[in-house]
file my_file-v4.cif (mmCIF, N, CA and C atoms)
data_query
loop_
_atom_site.group_PDB
_atom_site.id
_atom_site.type_symbol
_atom_site.label_atom_id
_atom_site.label_comp_id
_atom_site.auth_asym_id
_atom_site.auth_seq_id
_atom_site.Cartn_x
_atom_site.Cartn_y
_atom_site.Cartn_z
ATOM 1 N N MET A 219 -52.734 -22.858 -107.922
ATOM 2 C CA MET A 219 -53.435 -23.812 -107.089
ATOM 3 C C MET A 219 -53.623 -23.216 -105.685
ATOM 4 N N LYS A 220 -54.803 -23.389 -105.114
ATOM 5 C CA LYS A 220 -55.108 -22.843 -103.793
ATOM 6 C C LYS A 220 -54.474 -23.681 -102.699
ATOM 7 N N ASP A 221 -54.048 -22.996 -101.630
ATOM 8 C CA ASP A 221 -53.493 -23.687 -100.466
ATOM 9 C C ASP A 221 -54.623 -23.932 -99.470
ATOM 10 N N ASP A 222 -55.091 -25.177 -99.373
ATOM 11 C CA ASP A 222 -56.192 -25.529 -98.470
ATOM 12 C C ASP A 222 -55.708 -26.093 -97.143
ATOM 13 N N SER A 223 -54.418 -26.025 -96.854
ATOM 14 C CA SER A 223 -53.886 -26.617 -95.623
ATOM 15 C C SER A 223 -54.464 -25.947 -94.387
ATOM 16 N N ASN A 224 -54.612 -24.624 -94.419
ATOM 17 C CA ASN A 224 -55.179 -23.903 -93.271
ATOM 18 C C ASN A 224 -56.642 -24.278 -93.084
ATOM 19 N N LYS A 225 -57.369 -24.412 -94.182
ATOM 20 C CA LYS A 225 -58.778 -24.786 -94.131
ATOM 21 C C LYS A 225 -58.941 -26.178 -93.517
ATOM 22 N N LYS A 226 -58.088 -27.105 -93.903
ATOM 23 C CA LYS A 226 -58.156 -28.457 -93.370
ATOM 24 C C LYS A 226 -57.862 -28.486 -91.876
ATOM 25 N N SER A 227 -56.880 -27.712 -91.424
ATOM 26 C CA SER A 227 -56.542 -27.732 -90.005
ATOM 27 C C SER A 227 -57.668 -27.132 -89.175
ATOM 28 N N ARG A 228 -58.348 -26.116 -89.693
ATOM 29 C CA ARG A 228 -59.479 -25.542 -88.954
ATOM 30 C C ARG A 228 -60.647 -26.514 -88.909
ATOM 31 N N SER A 229 -60.914 -27.208 -90.004
ATOM 32 C CA SER A 229 -62.062 -28.107 -90.041
ATOM 33 C C SER A 229 -61.806 -29.376 -89.229
ATOM 34 N N SER A 230 -60.532 -29.748 -89.050
ATOM 35 C CA SER A 230 -60.245 -30.954 -88.280
ATOM 36 C C SER A 230 -59.976 -30.646 -86.809
ATOM 37 N N ALA A 231 -59.971 -29.356 -86.444
ATOM 38 C CA ALA A 231 -59.745 -28.985 -85.041
ATOM 39 C C ALA A 231 -60.923 -29.465 -84.194
ATOM 40 N N GLU A 232 -60.614 -29.882 -82.993
ATOM 41 C CA GLU A 232 -61.663 -30.306 -82.078
ATOM 42 C C GLU A 232 -62.454 -29.077 -81.647
ATOM 43 N N ARG A 233 -63.768 -29.185 -81.693
ATOM 44 C CA ARG A 233 -64.640 -28.054 -81.372
ATOM 45 C C ARG A 233 -65.438 -28.348 -80.112
ATOM 46 N N VAL A 234 -65.875 -27.273 -79.446
ATOM 47 C CA VAL A 234 -66.650 -27.437 -78.227
ATOM 48 C C VAL A 234 -67.706 -26.333 -78.139
ATOM 49 N N ILE A 235 -68.875 -26.697 -77.629
ATOM 50 C CA ILE A 235 -69.931 -25.754 -77.292
ATOM 51 C C ILE A 235 -70.213 -25.953 -75.808
ATOM 52 N N VAL A 236 -70.297 -24.874 -75.051
ATOM 53 C CA VAL A 236 -70.518 -24.950 -73.611
ATOM 54 C C VAL A 236 -71.951 -24.535 -73.310
ATOM 55 N N PHE A 237 -72.675 -25.385 -72.588
ATOM 56 C CA PHE A 237 -74.026 -25.091 -72.127
ATOM 57 C C PHE A 237 -73.989 -25.046 -70.603
ATOM 58 N N ILE A 238 -74.460 -23.955 -70.025
ATOM 59 C CA ILE A 238 -74.481 -23.817 -68.570
ATOM 60 C C ILE A 238 -75.924 -23.681 -68.112
ATOM 61 N N ASP A 239 -76.359 -24.623 -67.306
ATOM 62 C CA ASP A 239 -77.694 -24.573 -66.704
ATOM 63 C C ASP A 239 -77.611 -23.612 -65.522
ATOM 64 N N GLY A 240 -78.137 -22.417 -65.683
ATOM 65 C CA GLY A 240 -77.993 -21.353 -64.698
ATOM 66 C C GLY A 240 -78.448 -21.726 -63.300
ATOM 67 N N SER A 241 -79.599 -22.359 -63.176
ATOM 68 C CA SER A 241 -80.129 -22.705 -61.859
ATOM 69 C C SER A 241 -79.252 -23.732 -61.154
ATOM 70 N N ASN A 242 -78.897 -24.795 -61.854
ATOM 71 C CA ASN A 242 -78.027 -25.808 -61.255
ATOM 72 C C ASN A 242 -76.645 -25.243 -60.943
ATOM 73 N N PHE A 243 -76.129 -24.415 -61.842
ATOM 74 C CA PHE A 243 -74.828 -23.803 -61.612
ATOM 75 C C PHE A 243 -74.870 -22.940 -60.357
ATOM 76 N N TYR A 244 -75.870 -22.091 -60.252
ATOM 77 C CA TYR A 244 -76.009 -21.195 -59.106
ATOM 78 C C TYR A 244 -76.042 -21.982 -57.794
ATOM 79 N N HIS A 245 -76.920 -22.989 -57.721
ATOM 80 C CA HIS A 245 -77.070 -23.752 -56.473
ATOM 81 C C HIS A 245 -75.834 -24.594 -56.154
ATOM 82 N N SER A 246 -75.211 -25.164 -57.172
ATOM 83 C CA SER A 246 -74.001 -25.962 -56.945
ATOM 84 C C SER A 246 -72.854 -25.113 -56.426
ATOM 85 N N VAL A 247 -72.651 -23.955 -57.040
ATOM 86 C CA VAL A 247 -71.571 -23.059 -56.618
ATOM 87 C C VAL A 247 -71.835 -22.540 -55.214
ATOM 88 N N LYS A 248 -73.094 -22.220 -54.935
ATOM 89 C CA LYS A 248 -73.453 -21.695 -53.611
ATOM 90 C C LYS A 248 -73.229 -22.748 -52.527
ATOM 91 N N GLU A 249 -73.675 -23.980 -52.769
ATOM 92 C CA GLU A 249 -73.541 -25.052 -51.769
ATOM 93 C C GLU A 249 -72.101 -25.547 -51.631
ATOM 94 N N THR A 250 -71.408 -25.682 -52.741
ATOM 95 C CA THR A 250 -70.066 -26.265 -52.729
ATOM 96 C C THR A 250 -68.998 -25.277 -52.273
ATOM 97 N N PHE A 251 -69.078 -24.051 -52.768
ATOM 98 C CA PHE A 251 -68.008 -23.079 -52.527
ATOM 99 C C PHE A 251 -68.449 -21.867 -51.714
ATOM 100 N N ASP A 252 -69.720 -21.816 -51.334
ATOM 101 C CA ASP A 252 -70.287 -20.679 -50.611
ATOM 102 C C ASP A 252 -70.058 -19.375 -51.390
ATOM 103 N N LEU A 253 -70.268 -19.455 -52.702
ATOM 104 C CA LEU A 253 -70.135 -18.298 -53.592
ATOM 105 C C LEU A 253 -71.452 -18.083 -54.318
ATOM 106 N N HIS A 254 -71.623 -16.907 -54.854
ATOM 107 C CA HIS A 254 -72.728 -16.630 -55.755
ATOM 108 C C HIS A 254 -72.172 -16.612 -57.161
ATOM 109 N N ASP A 255 -73.023 -16.900 -58.143
ATOM 110 C CA ASP A 255 -72.512 -16.986 -59.510
ATOM 111 C C ASP A 255 -71.959 -15.657 -60.018
ATOM 112 N N ASN A 256 -72.335 -14.532 -59.405
ATOM 113 C CA ASN A 256 -71.758 -13.251 -59.844
ATOM 114 C C ASN A 256 -70.320 -13.081 -59.359
ATOM 115 N N GLN A 257 -69.819 -14.015 -58.558
ATOM 116 C CA GLN A 257 -68.429 -13.990 -58.100
ATOM 117 C C GLN A 257 -67.535 -14.885 -58.961
ATOM 118 N N ILE A 258 -68.104 -15.489 -59.980
ATOM 119 C CA ILE A 258 -67.377 -16.405 -60.849
ATOM 120 C C ILE A 258 -66.874 -15.634 -62.072
ATOM 121 N N ASP A 259 -65.625 -15.856 -62.437
ATOM 122 C CA ASP A 259 -65.060 -15.284 -63.655
ATOM 123 C C ASP A 259 -65.414 -16.245 -64.799
ATOM 124 N N PHE A 260 -66.509 -15.942 -65.496
ATOM 125 C CA PHE A 260 -66.990 -16.843 -66.541
ATOM 126 C C PHE A 260 -66.009 -16.946 -67.712
ATOM 127 N N ARG A 261 -65.295 -15.895 -68.009
ATOM 128 C CA ARG A 261 -64.295 -15.979 -69.086
ATOM 129 C C ARG A 261 -63.230 -17.019 -68.751
ATOM 130 N N LYS A 262 -62.780 -16.995 -67.518
ATOM 131 C CA LYS A 262 -61.758 -17.955 -67.091
ATOM 132 C C LYS A 262 -62.336 -19.375 -67.070
ATOM 133 N N LEU A 263 -63.555 -19.522 -66.575
ATOM 134 C CA LEU A 263 -64.220 -20.825 -66.557
ATOM 135 C C LEU A 263 -64.348 -21.394 -67.966
ATOM 136 N N ILE A 264 -64.759 -20.565 -68.910
ATOM 137 C CA ILE A 264 -64.916 -21.018 -70.291
ATOM 138 C C ILE A 264 -63.566 -21.412 -70.878
ATOM 139 N N GLU A 265 -62.516 -20.670 -70.582
ATOM 140 C CA GLU A 265 -61.183 -21.024 -71.070
ATOM 141 C C GLU A 265 -60.741 -22.387 -70.527
ATOM 142 N N ILE A 266 -61.057 -22.650 -69.274
ATOM 143 C CA ILE A 266 -60.715 -23.950 -68.678
ATOM 144 C C ILE A 266 -61.507 -25.056 -69.364
ATOM 145 N N LEU A 267 -62.792 -24.848 -69.546
ATOM 146 C CA LEU A 267 -63.637 -25.862 -70.188
ATOM 147 C C LEU A 267 -63.264 -26.050 -71.654
ATOM 148 N N ARG A 268 -62.846 -24.992 -72.299
ATOM 149 C CA ARG A 268 -62.467 -25.029 -73.712
ATOM 150 C C ARG A 268 -61.218 -25.870 -73.928
ATOM 151 N N ALA A 269 -60.281 -25.793 -73.027
ATOM 152 C CA ALA A 269 -59.051 -26.599 -73.057
ATOM 153 C C ALA A 269 -58.354 -26.579 -74.417
ATOM 154 N N GLY A 270 -58.247 -25.379 -75.013
ATOM 155 C CA GLY A 270 -57.516 -25.251 -76.270
ATOM 156 C C GLY A 270 -58.307 -25.626 -77.513
ATOM 157 N N ARG A 271 -59.522 -26.110 -77.339
ATOM 158 C CA ARG A 271 -60.343 -26.473 -78.495
ATOM 159 C C ARG A 271 -60.987 -25.223 -79.090
ATOM 160 N N LEU A 272 -61.483 -25.345 -80.296
ATOM 161 C CA LEU A 272 -62.161 -24.249 -80.969
ATOM 162 C C LEU A 272 -63.520 -24.040 -80.307
ATOM 163 N N LEU A 273 -63.726 -22.874 -79.731
ATOM 164 C CA LEU A 273 -64.972 -22.560 -79.045
ATOM 165 C C LEU A 273 -66.004 -22.108 -80.072
ATOM 166 N N VAL A 274 -67.069 -22.890 -80.203
ATOM 167 C CA VAL A 274 -68.116 -22.609 -81.176
ATOM 168 C C VAL A 274 -69.184 -21.697 -80.566
ATOM 169 N N GLY A 275 -69.505 -21.920 -79.290
ATOM 170 C CA GLY A 275 -70.524 -21.091 -78.654
ATOM 171 C C GLY A 275 -70.613 -21.368 -77.172
ATOM 172 N N VAL A 276 -71.214 -20.414 -76.471
ATOM 173 C CA VAL A 276 -71.479 -20.544 -75.040
ATOM 174 C C VAL A 276 -72.925 -20.156 -74.814
ATOM 175 N N TYR A 277 -73.647 -21.005 -74.111
ATOM 176 C CA TYR A 277 -75.057 -20.755 -73.822
ATOM 177 C C TYR A 277 -75.291 -20.890 -72.329
ATOM 178 N N TYR A 278 -75.797 -19.832 -71.723
ATOM 179 C CA TYR A 278 -76.178 -19.823 -70.313
ATOM 180 C C TYR A 278 -77.685 -19.705 -70.321
ATOM 181 N N TYR A 279 -78.340 -20.718 -69.815
ATOM 182 C CA TYR A 279 -79.797 -20.701 -69.857
ATOM 183 C C TYR A 279 -80.361 -20.860 -68.458
ATOM 184 N N ASN A 280 -81.560 -20.353 -68.300
ATOM 185 C CA ASN A 280 -82.245 -20.396 -67.014
ATOM 186 C C ASN A 280 -83.745 -20.392 -67.279
ATOM 187 N N ALA A 281 -84.478 -21.031 -66.431
ATOM 188 C CA ALA A 281 -85.940 -21.042 -66.556
ATOM 189 C C ALA A 281 -86.492 -19.757 -65.938
ATOM 190 N N SER A 282 -87.555 -19.268 -66.495
ATOM 191 C CA SER A 282 -88.195 -18.090 -65.914
ATOM 192 C C SER A 282 -88.952 -18.512 -64.655
ATOM 193 N N LEU A 283 -89.093 -17.570 -63.739
ATOM 194 C CA LEU A 283 -89.807 -17.843 -62.494
ATOM 195 C C LEU A 283 -91.293 -17.991 -62.751
ATOM 196 N N ASP A 284 -91.897 -18.968 -62.106
ATOM 197 C CA ASP A 284 -93.342 -19.129 -62.170
ATOM 198 C C ASP A 284 -93.942 -18.303 -61.038
ATOM 199 N N ARG A 285 -94.533 -17.198 -61.399
ATOM 200 C CA ARG A 285 -95.108 -16.296 -60.401
ATOM 201 C C ARG A 285 -96.618 -16.456 -60.328
ATOM 202 N N GLY A 286 -97.125 -17.540 -60.910
ATOM 203 C CA GLY A 286 -98.554 -17.827 -60.816
ATOM 204 C C GLY A 286 -99.433 -16.832 -61.570
ATOM 205 N N LEU A 287 -98.871 -16.228 -62.593
ATOM 206 C CA LEU A 287 -99.640 -15.250 -63.374
ATOM 207 C C LEU A 287 -100.416 -15.887 -64.477
#
call {"tool": "encode", "arguments": {"input": "my_file-v4.cif", "output": "structure tokens"}}
result
Amino acid sequence: MKDDSNKKSRSSAERVIVFIDGSNFYHSVKETFDLHDNQIDFRKLIEILRAGRLLVGVYYYNASLDRGL
């Protein structure tokens, strides 16, 4: 007989996906902390947001600049 206990614990674990709006993140960090987003340790930030849950994915998105082309 197969032991499905490990499978059940993985499937019942709380999961999280992190979406970061690049433009809002950049401006918020700059205004609030006087930092640029390249000064942020994203690995550490994701670990804090993950809070021990199963991390399914991380998405950092940004709109392209409208250069009137």
call {"tool": "atom_distance", "arguments": {"input": "my_file-v4.cif", "atom1": "CA of Leu273 in chain A", "atom2": "CA of Glu232 in chain A"}}
result
9.0 Å
call {"tool": "select_by_dssp", "arguments": {"input": "my_file-v4.cif", "residues": "range 231-263 of chain A", "states": "strand (DSSP E)", "output": "ChimeraX atom specification"}}
result
/A:233-239
call {"tool": "axis_aligned_box", "arguments": {"input": "my_file-v4.cif", "around": "range 264-277 of chain A", "padding_each_side": "8 Å", "output": "lines of an AutoDock Vina configuration file"}}
result
center_x = -66.4
center_y = -23.4
center_z = -74.9
size_x = 33.8
size_y = 22.4
size_z = 28.5
call {"tool": "closest_residue", "arguments": {"input": "my_file-v4.cif", "among": "A:Ile258, A:Leu253, A:Val247, A:Ile235", "to": "Gly275 in chain A", "atoms": "only N, CA and C atoms"}}
result
A:Ile235
call {"tool": "atom_distance", "arguments": {"input": "my_file-v4.cif", "atom1": "CA of Ala281 in chain A", "atom2": "atom N of Arg233 in chain A"}}
result
28.1 Å
call {"tool": "atom_distance", "arguments": {"input": "my_file-v4.cif", "atom1": "CA of Asp239 in chain A", "atom2": "CA of Gln257 in chain A"}}
result
16.5 Å
call {"tool": "select_by_dssp", "arguments": {"input": "my_file-v4.cif", "residues": "chain A", "states": "alpha helix (DSSP H)", "output": "JSON, numbers by chain"}}
result
{"A": [223, 224, 225, 226, 227, 228, 229, 230, 240, 241, 242, 243, 244, 245, 246, 247, 248, 249, 250, 251, 260, 261, 262, 263, 264, 265, 266, 267, 268]}
call {"tool": "closest_residue", "arguments": {"input": "my_file-v4.cif", "among": "A:Ser241, A:Asp259, A:Ser246, A:Val234", "to": "Arg271 in chain A", "atoms": "only N, CA and C atoms"}}
result
A:Val234
call {"tool": "residues_around", "arguments": {"input": "my_file-v4.cif", "residues": "Phe237 in chain A", "least_positions_apart": "4", "cutoff": "7 Å", "atoms": "only N, CA and C atoms", "output": "PDB file with N, CA and C atoms, keeping the file's coordinate frame"}}
result
ATOM      1  N   GLY A 275     -69.505 -21.920 -79.290  1.00  0.00           N
ATOM      2  CA  GLY A 275     -70.524 -21.091 -78.654  1.00  0.00           C
ATOM      3  C   GLY A 275     -70.613 -21.368 -77.172  1.00  0.00           C
ATOM      4  N   VAL A 276     -71.214 -20.414 -76.471  1.00  0.00           N
ATOM      5  CA  VAL A 276     -71.479 -20.544 -75.040  1.00  0.00           C
ATOM      6  C   VAL A 276     -72.925 -20.156 -74.814  1.00  0.00           C
ATOM      7  N   TYR A 277     -73.647 -21.005 -74.111  1.00  0.00           N
ATOM      8  CA  TYR A 277     -75.057 -20.755 -73.822  1.00  0.00           C
ATOM      9  C   TYR A 277     -75.291 -20.890 -72.329  1.00  0.00           C
ATOM     10  N   TYR A 278     -75.797 -19.832 -71.723  1.00  0.00           N
ATOM     11  CA  TYR A 278     -76.178 -19.823 -70.313  1.00  0.00           C
ATOM     12  C   TYR A 278     -77.685 -19.705 -70.321  1.00  0.00           C
ATOM     13  N   TYR A 279     -78.340 -20.718 -69.815  1.00  0.00           N
ATOM     14  CA  TYR A 279     -79.797 -20.701 -69.857  1.00  0.00           C
ATOM     15  C   TYR A 279     -80.361 -20.860 -68.458  1.00  0.00           C
TER      16      TYR A 279
END
call {"tool": "closest_residue", "arguments": {"input": "my_file-v4.cif", "among": "A:Ile266, A:Leu272, A:Glu249, A:Gly286", "to": "Ala231 in chain A", "atoms": "only N, CA and C atoms"}}
result
A:Leu272
